[in-house]
Structure formats: C-alpha cells, structure tokens
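Containing mmCIF, C-alpha atoms: query-v9.cif.
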data_final
#
loop_
_atom_site.label_atom_id
_atom_site.label_comp_id
_atom_site.auth_asym_id
_atom_site.auth_seq_id
_atom_site.Cartn_x
_atom_site.Cartn_y
_atom_site.Cartn_z
CA MET Q 1 -9.34 7.05 29.30
CA VAL Q 2 -7.12 5.19 26.80
CA LEU Q 3 -7.18 5.52 23.02
CA TRP Q 4 -6.55 2.50 20.77
CA VAL Q 5 -6.21 2.76 16.98
CA PHE Q 6 -5.92 -0.15 14.53
CA GLY Q 7 -3.60 0.23 11.55
CA TYR Q 8 -3.85 -2.05 8.51
CA GLY Q 9 -2.05 0.04 5.88
CA SER Q 10 0.85 2.47 6.18
CA LEU Q 11 0.20 2.85 9.91
CA ILE Q 12 1.75 -0.60 10.37
CA TRP Q 13 5.23 0.60 9.40
CA ASN Q 14 4.84 4.35 9.84
CA PRO Q 15 2.36 5.38 12.57
CA GLY Q 16 3.62 8.97 12.63
CA PHE Q 17 2.15 9.89 16.01
CA ASP Q 18 3.24 9.56 19.62
CA PHE Q 19 2.02 6.24 21.05
CA ASP Q 20 2.75 4.23 24.18
CA GLU Q 21 2.21 0.64 23.09
CA LYS Q 22 2.01 -1.38 19.88
CA VAL Q 23 0.34 -4.80 19.68
CA ILE Q 24 0.23 -7.12 16.66
CA GLY Q 25 -3.12 -8.80 16.10
CA TYR Q 26 -6.19 -8.87 13.90
CA ILE Q 27 -9.81 -7.87 13.54
CA LYS Q 28 -12.53 -10.24 12.35
CA ASP Q 29 -14.93 -10.09 9.40
CA TYR Q 30 -12.89 -7.55 7.44
CA LYS Q 31 -10.46 -7.94 4.56
CA ARG Q 32 -7.92 -5.54 3.07
CA VAL Q 33 -8.69 -4.24 -0.44
CA PHE Q 34 -7.07 -1.61 -2.68
CA ASP Q 35 -10.30 0.18 -3.56
CA LEU Q 36 -9.64 3.68 -2.22
CA ALA Q 37 -8.24 6.65 -4.14
CA CYS Q 38 -5.39 8.76 -2.81
CA ILE Q 39 -5.04 12.12 -4.56
CA ASP Q 40 -2.78 14.08 -2.21
CA HIS Q 41 -0.14 11.68 -0.85
CA ARG Q 42 0.84 9.07 -3.45
CA GLY Q 43 -1.34 10.20 -6.30
CA THR Q 44 -2.94 13.27 -7.88
CA PRO Q 45 -6.52 14.23 -8.80
CA GLU Q 46 -5.65 13.53 -12.44
CA HIS Q 47 -3.97 10.20 -11.68
CA PRO Q 48 -5.13 8.88 -8.29
CA ALA Q 49 -3.20 6.22 -6.45
CA ARG Q 50 -4.83 3.10 -5.06
CA THR Q 51 -4.50 2.56 -1.32
CA CYS Q 52 -6.05 -0.02 0.94
CA THR Q 53 -9.27 0.16 2.85
CA LEU Q 54 -11.40 -2.47 4.57
CA GLU Q 55 -14.27 -4.46 3.13
CA GLN Q 56 -16.64 -6.44 5.29
CA SER Q 57 -16.21 -10.16 4.72
CA THR Q 58 -17.70 -12.77 7.02
CA GLY Q 59 -15.08 -15.11 8.45
CA ALA Q 60 -12.11 -13.05 7.25
CA LYS Q 61 -9.22 -11.84 9.40
CA CYS Q 62 -7.29 -8.64 8.80
CA TRP Q 63 -3.92 -8.56 10.53
CA GLY Q 64 -2.27 -5.33 11.53
CA ALA Q 65 -1.13 -3.31 14.54
CA ALA Q 66 -3.06 -1.68 17.36
CA TYR Q 67 -1.56 1.46 18.90
CA CYS Q 68 -2.30 2.70 22.40
CA VAL Q 69 -2.19 6.37 23.36
CA ARG Q 70 -2.12 7.14 27.07
CA GLY Q 71 -1.44 10.37 28.90
CA GLY Q 72 -4.72 12.20 29.01
CA PRO Q 73 -7.16 14.03 26.70
CA GLU Q 74 -4.60 16.43 25.23
CA LYS Q 75 -2.29 13.67 24.02
CA GLU Q 76 -5.23 11.73 22.58
CA LYS Q 77 -6.50 14.87 20.87
CA LEU Q 78 -3.14 15.48 19.20
CA ALA Q 79 -3.01 11.88 17.97
CA MET Q 80 -6.53 12.02 16.53
CA GLU Q 81 -5.96 15.40 14.87
CA TYR Q 82 -2.89 13.98 13.16
CA LEU Q 83 -4.69 10.81 12.08
CA GLU Q 84 -7.77 12.62 10.78
CA GLY Q 85 -5.56 14.82 8.62
CA ARG Q 86 -3.52 11.92 7.34
CA GLU Q 87 -6.50 9.60 6.78
CA CYS Q 88 -8.63 12.27 5.12
CA GLU Q 89 -9.77 9.95 2.33
CA TYR Q 90 -11.50 7.71 4.90
CA ASP Q 91 -14.98 9.05 5.59
CA SER Q 92 -15.83 7.10 8.75
CA LYS Q 93 -14.37 5.72 11.95
CA THR Q 94 -15.51 2.30 13.12
CA LEU Q 95 -15.11 0.66 16.53
CA VAL Q 96 -13.88 -2.92 16.34
CA GLU Q 97 -12.77 -5.79 18.55
CA PHE Q 98 -9.09 -6.69 18.41
CA TYR Q 99 -7.74 -10.22 18.80
CA SER Q 100 -4.29 -11.58 19.50
CA GLU Q 101 -2.65 -14.71 18.17
CA THR Q 102 -2.60 -16.29 21.60
CA ASP Q 103 -6.36 -16.07 22.21
CA THR Q 104 -8.71 -16.35 19.25
CA THR Q 105 -11.88 -16.96 21.26
CA LYS Q 106 -12.28 -13.53 22.82
CA PRO Q 107 -10.93 -10.09 21.99
CA ILE Q 108 -8.12 -8.62 24.05
CA LEU Q 109 -9.35 -5.11 23.21
CA THR Q 110 -12.74 -3.58 22.45
CA GLY Q 111 -13.65 -0.15 21.15
CA VAL Q 112 -10.57 0.08 18.95
CA ILE Q 113 -10.85 2.84 16.33
CA VAL Q 114 -10.23 1.97 12.69
CA PHE Q 115 -10.51 4.36 9.76
CA THR Q 116 -12.79 2.96 7.06
CA SER Q 117 -14.43 4.17 3.87
CA THR Q 118 -18.01 3.92 2.67
CA PRO Q 119 -18.09 1.60 -0.39
CA ASP Q 120 -20.29 3.96 -2.39
CA LYS Q 121 -19.02 6.09 -5.27
CA VAL Q 122 -21.90 8.54 -4.87
CA SER Q 123 -21.49 9.37 -1.17
CA ASN Q 124 -17.73 8.81 -1.04
CA LYS Q 125 -15.75 10.55 -3.78
CA TYR Q 126 -12.58 8.65 -2.86
CA TYR Q 127 -14.08 5.20 -3.34
CA LEU Q 128 -12.83 3.65 -6.58
CA GLY Q 129 -14.30 0.21 -6.12
CA PRO Q 130 -12.83 -3.10 -7.27
CA ALA Q 131 -11.13 -3.60 -10.63
CA PRO Q 132 -9.33 -6.41 -12.46
CA LEU Q 133 -5.94 -7.22 -10.93
CA GLU Q 134 -4.03 -6.17 -14.05
CA GLU Q 135 -5.82 -2.83 -14.21
CA MET Q 136 -5.10 -2.08 -10.55
CA ALA Q 137 -1.46 -3.07 -11.02
CA MET Q 138 -1.05 -0.68 -13.94
CA GLN Q 139 -2.55 2.17 -11.93
CA ILE Q 140 -0.35 1.45 -8.91
CA ALA Q 141 2.78 1.08 -11.04
CA THR Q 142 2.39 4.53 -12.59
CA ALA Q 143 0.77 6.76 -9.94
CA SER Q 144 2.85 9.11 -7.79
CA GLY Q 145 2.32 12.13 -5.55
CA PRO Q 146 4.02 14.48 -3.03
CA CYS Q 147 4.76 11.64 -0.57
CA GLY Q 148 6.16 9.20 -3.12
CA ASN Q 149 4.91 6.74 -5.68
CA ASN Q 150 2.05 4.31 -5.31
CA ARG Q 151 4.10 1.16 -5.85
CA GLU Q 152 6.37 2.03 -2.90
CA TYR Q 153 3.28 2.08 -0.66
CA LEU Q 154 2.30 -1.39 -1.85
CA PHE Q 155 5.80 -2.85 -1.54
CA LYS Q 156 6.24 -1.40 1.95
CA LEU Q 157 2.93 -2.91 3.00
CA GLU Q 158 4.03 -6.26 1.59
CA LYS Q 159 7.25 -6.07 3.62
CA ALA Q 160 5.45 -4.87 6.75
CA MET Q 161 3.11 -7.87 6.66
CA HIS Q 162 6.12 -10.13 6.22
CA ASP Q 163 7.87 -8.47 9.17
CA ILE Q 164 4.92 -9.09 11.51
CA GLU Q 165 4.82 -12.68 10.20
CA HIS Q 166 1.31 -12.49 8.79
CA GLU Q 167 1.63 -12.08 5.05
CA ASP Q 168 -1.45 -11.14 3.04
CA GLU Q 169 -1.88 -13.27 -0.10
CA TYR Q 170 -3.92 -10.55 -1.79
CA VAL Q 171 -1.15 -7.98 -1.20
CA ILE Q 172 1.50 -10.40 -2.48
CA GLU Q 173 -0.49 -11.20 -5.62
CA LEU Q 174 -1.03 -7.50 -6.37
CA ALA Q 175 2.63 -6.66 -5.69
CA ASN Q 176 3.80 -9.42 -8.03
CA GLU Q 177 1.49 -8.14 -10.76
CA VAL Q 178 2.92 -4.62 -10.32
CA ARG Q 179 6.44 -6.01 -10.61
CA LYS Q 180 5.48 -7.73 -13.86
CA HIS Q 181 4.19 -4.44 -15.22
CA LEU Q 182 7.37 -2.62 -14.19
CA ASP Q 183 9.54 -5.26 -15.89
CA LEU Q 184 7.47 -4.98 -19.05
CA THR Q 185 7.87 -1.19 -19.01
CA LYS Q 186 11.65 -1.55 -18.74
CA GLU Q 187 11.71 -3.93 -21.69
CA VAL Q 188 9.67 -1.55 -23.84
CA LYS Q 189 11.96 1.38 -22.96
CA ALA Q 190 15.01 -0.70 -23.82
CA LEU Q 191 13.59 -1.49 -27.26
CA LEU Q 192 12.82 2.17 -27.89
CA ASN Q 193 16.32 3.26 -26.77
CA PRO Q 194 18.80 0.85 -28.40
CA VAL Q 195 22.40 0.78 -27.29
CA VAL Q 196 24.69 1.65 -30.22
CA SER Q 197 28.26 0.41 -30.28
CA PRO Q 198 31.10 2.72 -31.43
CA VAL Q 199 31.87 2.85 -35.15
CA SER Q 200 34.84 0.67 -35.98
CA ILE Q 201 36.97 1.99 -38.88
CA LYS Q 202 39.59 -0.32 -40.28
CA PRO Q 203 42.81 0.95 -41.92
CA GLN Q 204 42.50 1.88 -45.62
CA SER Q 205 45.37 -0.47 -46.48
CA GLN Q 206 43.19 -3.48 -45.68
CA ALA Q 207 40.70 -2.39 -48.34
CA HIS Q 208 37.74 -3.30 -46.18
CA VAL Q 209 34.56 -1.30 -45.90
CA SER Q 210 33.95 0.29 -42.46
CA THR Q 211 31.34 -1.50 -40.42
CA LEU Q 212 28.72 -0.18 -38.06
CA GLN Q 213 27.35 -2.57 -35.49
CA ARG Q 214 24.06 -1.73 -33.86
CA VAL Q 215 23.02 -3.78 -30.85
CA PHE Q 216 19.47 -3.70 -29.55
CA ALA Q 217 18.81 -4.53 -25.94
CA SER Q 218 16.29 -7.26 -25.52
#
So, in terms of structure tokens, how does the structure I just supplied come out?
Amino acid sequence: MVLWVFGYGSLIWNPGFDFDEKVIGYIKDYKRVFDLACIDHRGTPEHPARTCTLEQSTGAKCWGAAYCVRGGPEKEKLAMEYLEGRECEYDSKTLVEFYSETDTTKPILTGVIVFTSTPDKVSNKYYLGPAPLEEMAMQIATASGPCGNNREYLFKLEKAMHDIEHEDEYVIELANEVRKHLDLTKEVKALLNPVVSPVSIKPQSQAHVSTLQRVFAS
C-alpha cells in the first residue's frame, strides 16, 4: 500500500514528514481560499490568523504538490499522525484525483488524501468564512503566533507557487493588499515618531537666536 497526500498550503514548501516522492500537479473543481482560522501556529484564540483551505468550485484547478509515502504501514502511520496534528484545524480528509501538466484528460493518481474544512461556522469552529479583501489583509498583516506571523505564511505561499511555476492570482492579490497595509502602518508610525535634528547653537558674538529644526518623516 502507498500513501499519497496533496498539499496546497504550507505543505508545498514545508512538508515536515518523511516522504519518498514529490510531484507537482493539480486537483480539479477546487479553489484555494483564506477562510480558515489558525489559533495555535500563526495566530491566537484572541487574534486568529487566516490560512488557506479549499472551496469547491466547478471548473477550477488548484495547483500544489502530491507527496508519496512508501515503506509500509508504520511509515504511513507516522506520516499521518504528524499531519493530523499539524492540520488540526481541518475537520475532514477528502480523497481526490490528481492531474499532471502533461496529461489533463485523466488523473495520474487517484485516492490522494487532502485535508479540507467544512464551510460551516456552526459545525466547524475554525471556519471563518469569506470577507472583503481589505479586511482579510488587515487580519493577516497583524496576526502572529508561536510559529511566526500570518503574513509570512502568505508570502511564503506566494513564493512557493511562483517556484512551481503556477502562480495563484488570488494569493498574489491578497499578498499585495497585505503589503499595502504594512506600508501604510509604517507611514503612520513614522508620523507618530518624528525624527528630530540636533539643536544648532550659534556663537553669541553673531547675535543670532538659536534655532531648532524639527523634521518629520513623511
């Protein structure tokens, strides 16, 4: 028996478990969305981070990486125990078909496991649901947890998709909005903390009044 797992978030650049093969490809009829809360890795219960999950969408393609674990039941068990602990916010595991770039008519793999979340705030306490882009960006720009800040997760995903040569327009748009928010925050801090130049005192013999120049960063 062989175990295959599909990664569409941090698993793309940081699988974290022992695997034997990695294949770049996609699954059909799913799209990546930042609708899931993370309260123990890159966020807190008081200020949850936003991480990606999958949403069913007819005709969509979600690119990522499929990982193969060979070596028997014990090795597969160790991999799944690690993944279930890491992906604890995802309340279900779905079996999907996996396609490669070279053959789009039929899957190269079937029965590939992918961690998904139920899009229901009542049955799934981690499901945040969609929000306006600006609101999501503000949340991502400011959330942080034991494993780092939320924006790092987003930027690493953006880079990972670039590295596998299948950039996600939604991820890029969200990352750019977060960068705008971060730039705005820097500008506000600069205005609140002006840079003051040293006091220049001229000799008394010149009979000029001492001047104090105050320069505000813009």
If you count only C-alpha atoms, which residues fall within 12 Å of Glu76 of chain Q, apart from same-chain ones fewer than 3 positions away, as an NGL selection string?
:Q and (1-5 or 17-20 or 67-73 or 79-83)
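Using only C-alpha atoms, the shortest contact distance between Tyr153 of chain Q and any of Q:Lys28, Q:Cys52, Q:Lys75, Q:Asp40 is found at Q:Cys52.
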Using all atoms listed in the file, which of the listed residues (Q:Leu11, Q:Val178, Q:Ala37, Q:Val96) sits closest to Thr110 of chain Q?
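Closest candidate: Q:Val96.
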The residue from Q:Ala160, Q:Leu182, Q:Ile172, Q:Ala143 with the smallest atom-to-atom distance to His47 of chain Q, counting all atoms listed in the file, is Q:Ala143
In Å to one decimal, how far is atom CA of Gly9 of chain Q from atom CA of Glu74 of chain Q?
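Separating atom CA of Glu74 of chain Q from atom CA of Gly9 of chain Q is a distance of 25.5 Å.
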Length of the atom CA of Leu157 of chain Q to atom CA of Ala175 of chain Q vector [Å]
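Interatomic distance here is 9.5 Å.
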Pick from Q:Gly129, Q:Gly7, Q:Gly25, Q:Pro146: nearest to Val114 of chain Q, with all atoms listed in the file counted?
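Nearest to Val114 of chain Q: Q:Gly7.
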Would you kindly translate the PyMOL selection byres ((chain Q and resi 65) around 12) into the concrete residues it picks from this file, as a ChimeraX atom specification?
/Q:4-15,19,21-27,62-64,66-68,98-100,112-114,160-161,163-166
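If you look at atom CA of Glu46 of chain Q and atom CA of Ile140 of chain Q, they are 13.7 Å away from each other.
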Pick from Q:Asn149, Q:Arg179, Q:Lys31, Q:Leu78: nearest to Thr58 of chain Q, with all atoms listed in the file counted?
Q:Lys31
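When only C-alpha atoms are used to compute distances to Phe115 of chain Q, the closest of the residues Q:Tyr90, Q:Tyr127, Q:Tyr170, Q:Phe155 turns out to be Q:Tyr90.
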With a distance cut-off of 10 Å and all atoms listed in the file, select the neighbouring residues of Asp35 of chain Q, excluding the residue or stretch itself and same-chain residues fewer than 6 positions from it, and output the selection as a list in words.
Ala49, Arg50, Thr51, Cys52, Thr53, Leu54, Glu55, Ser117, Pro119, Tyr126, Tyr127, Leu128, Gly129, Pro130, Ala131 and Met136 of chain Q
Could those selected residues go to a file with C-alpha atoms, as a PDB file, keeping the file's coordinate frame?
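Ended up saving to again-v3.pdb:
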ATOM      1  CA  ALA Q  49      -3.200   6.220  -6.450  1.00  0.00           C
ATOM      2  CA  ARG Q  50      -4.830   3.100  -5.060  1.00  0.00           C
ATOM      3  CA  THR Q  51      -4.500   2.560  -1.320  1.00  0.00           C
ATOM      4  CA  CYS Q  52      -6.050  -0.020   0.940  1.00  0.00           C
ATOM      5  CA  THR Q  53      -9.270   0.160   2.850  1.00  0.00           C
ATOM      6  CA  LEU Q  54     -11.400  -2.470   4.570  1.00  0.00           C
ATOM      7  CA  GLU Q  55     -14.270  -4.460   3.130  1.00  0.00           C
ATOM      8  CA  SER Q 117     -14.430   4.170   3.870  1.00  0.00           C
ATOM      9  CA  PRO Q 119     -18.090   1.600  -0.390  1.00  0.00           C
ATOM     10  CA  TYR Q 126     -12.580   8.650  -2.860  1.00  0.00           C
ATOM     11  CA  TYR Q 127     -14.080   5.200  -3.340  1.00  0.00           C
ATOM     12  CA  LEU Q 128     -12.830   3.650  -6.580  1.00  0.00           C
ATOM     13  CA  GLY Q 129     -14.300   0.210  -6.120  1.00  0.00           C
ATOM     14  CA  PRO Q 130     -12.830  -3.100  -7.270  1.00  0.00           C
ATOM     15  CA  ALA Q 131     -11.130  -3.600 -10.630  1.00  0.00           C
ATOM     16  CA  MET Q 136      -5.100  -2.080 -10.550  1.00  0.00           C
TER      17      MET Q 136
END
Neighbours of Glu134 of chain Q within 10 Å (all atoms listed in the file; same-chain residues fewer than 5 positions away dropped), as a VMD selection string?
chain Q and resid 139 to 140 174 177 to 178 180 to 181
Tell me which residues come within 8 Å of (-6.1, 11.5, -0.4), as a list in words, counting all atoms listed in the file in the file's coordinates.
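The residues near that point, listed by chain and number, are Ala37, Cys38, Ile39, Asp40, His41, Arg42, Gly43, Glu87, Cys88, Glu89 and Tyr126 of chain Q.
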Write the residues of the selection above to a file with C-alpha atoms, as a short mmCIF file (atom, residue, chain, number, x, y, z; two decimals), in the frame of the given file.
data_model
loop_
_atom_site.label_atom_id
_atom_site.label_comp_id
_atom_site.auth_asym_id
_atom_site.auth_seq_id
_atom_site.Cartn_x
_atom_site.Cartn_y
_atom_site.Cartn_z
CA ALA Q 37 -8.24 6.65 -4.14
CA CYS Q 38 -5.39 8.76 -2.81
CA ILE Q 39 -5.04 12.12 -4.56
CA ASP Q 40 -2.78 14.08 -2.21
CA HIS Q 41 -0.14 11.68 -0.85
CA ARG Q 42 0.84 9.07 -3.45
CA GLY Q 43 -1.34 10.20 -6.30
CA GLU Q 87 -6.50 9.60 6.78
CA CYS Q 88 -8.63 12.27 5.12
CA GLU Q 89 -9.77 9.95 2.33
CA TYR Q 126 -12.58 8.65 -2.86
#
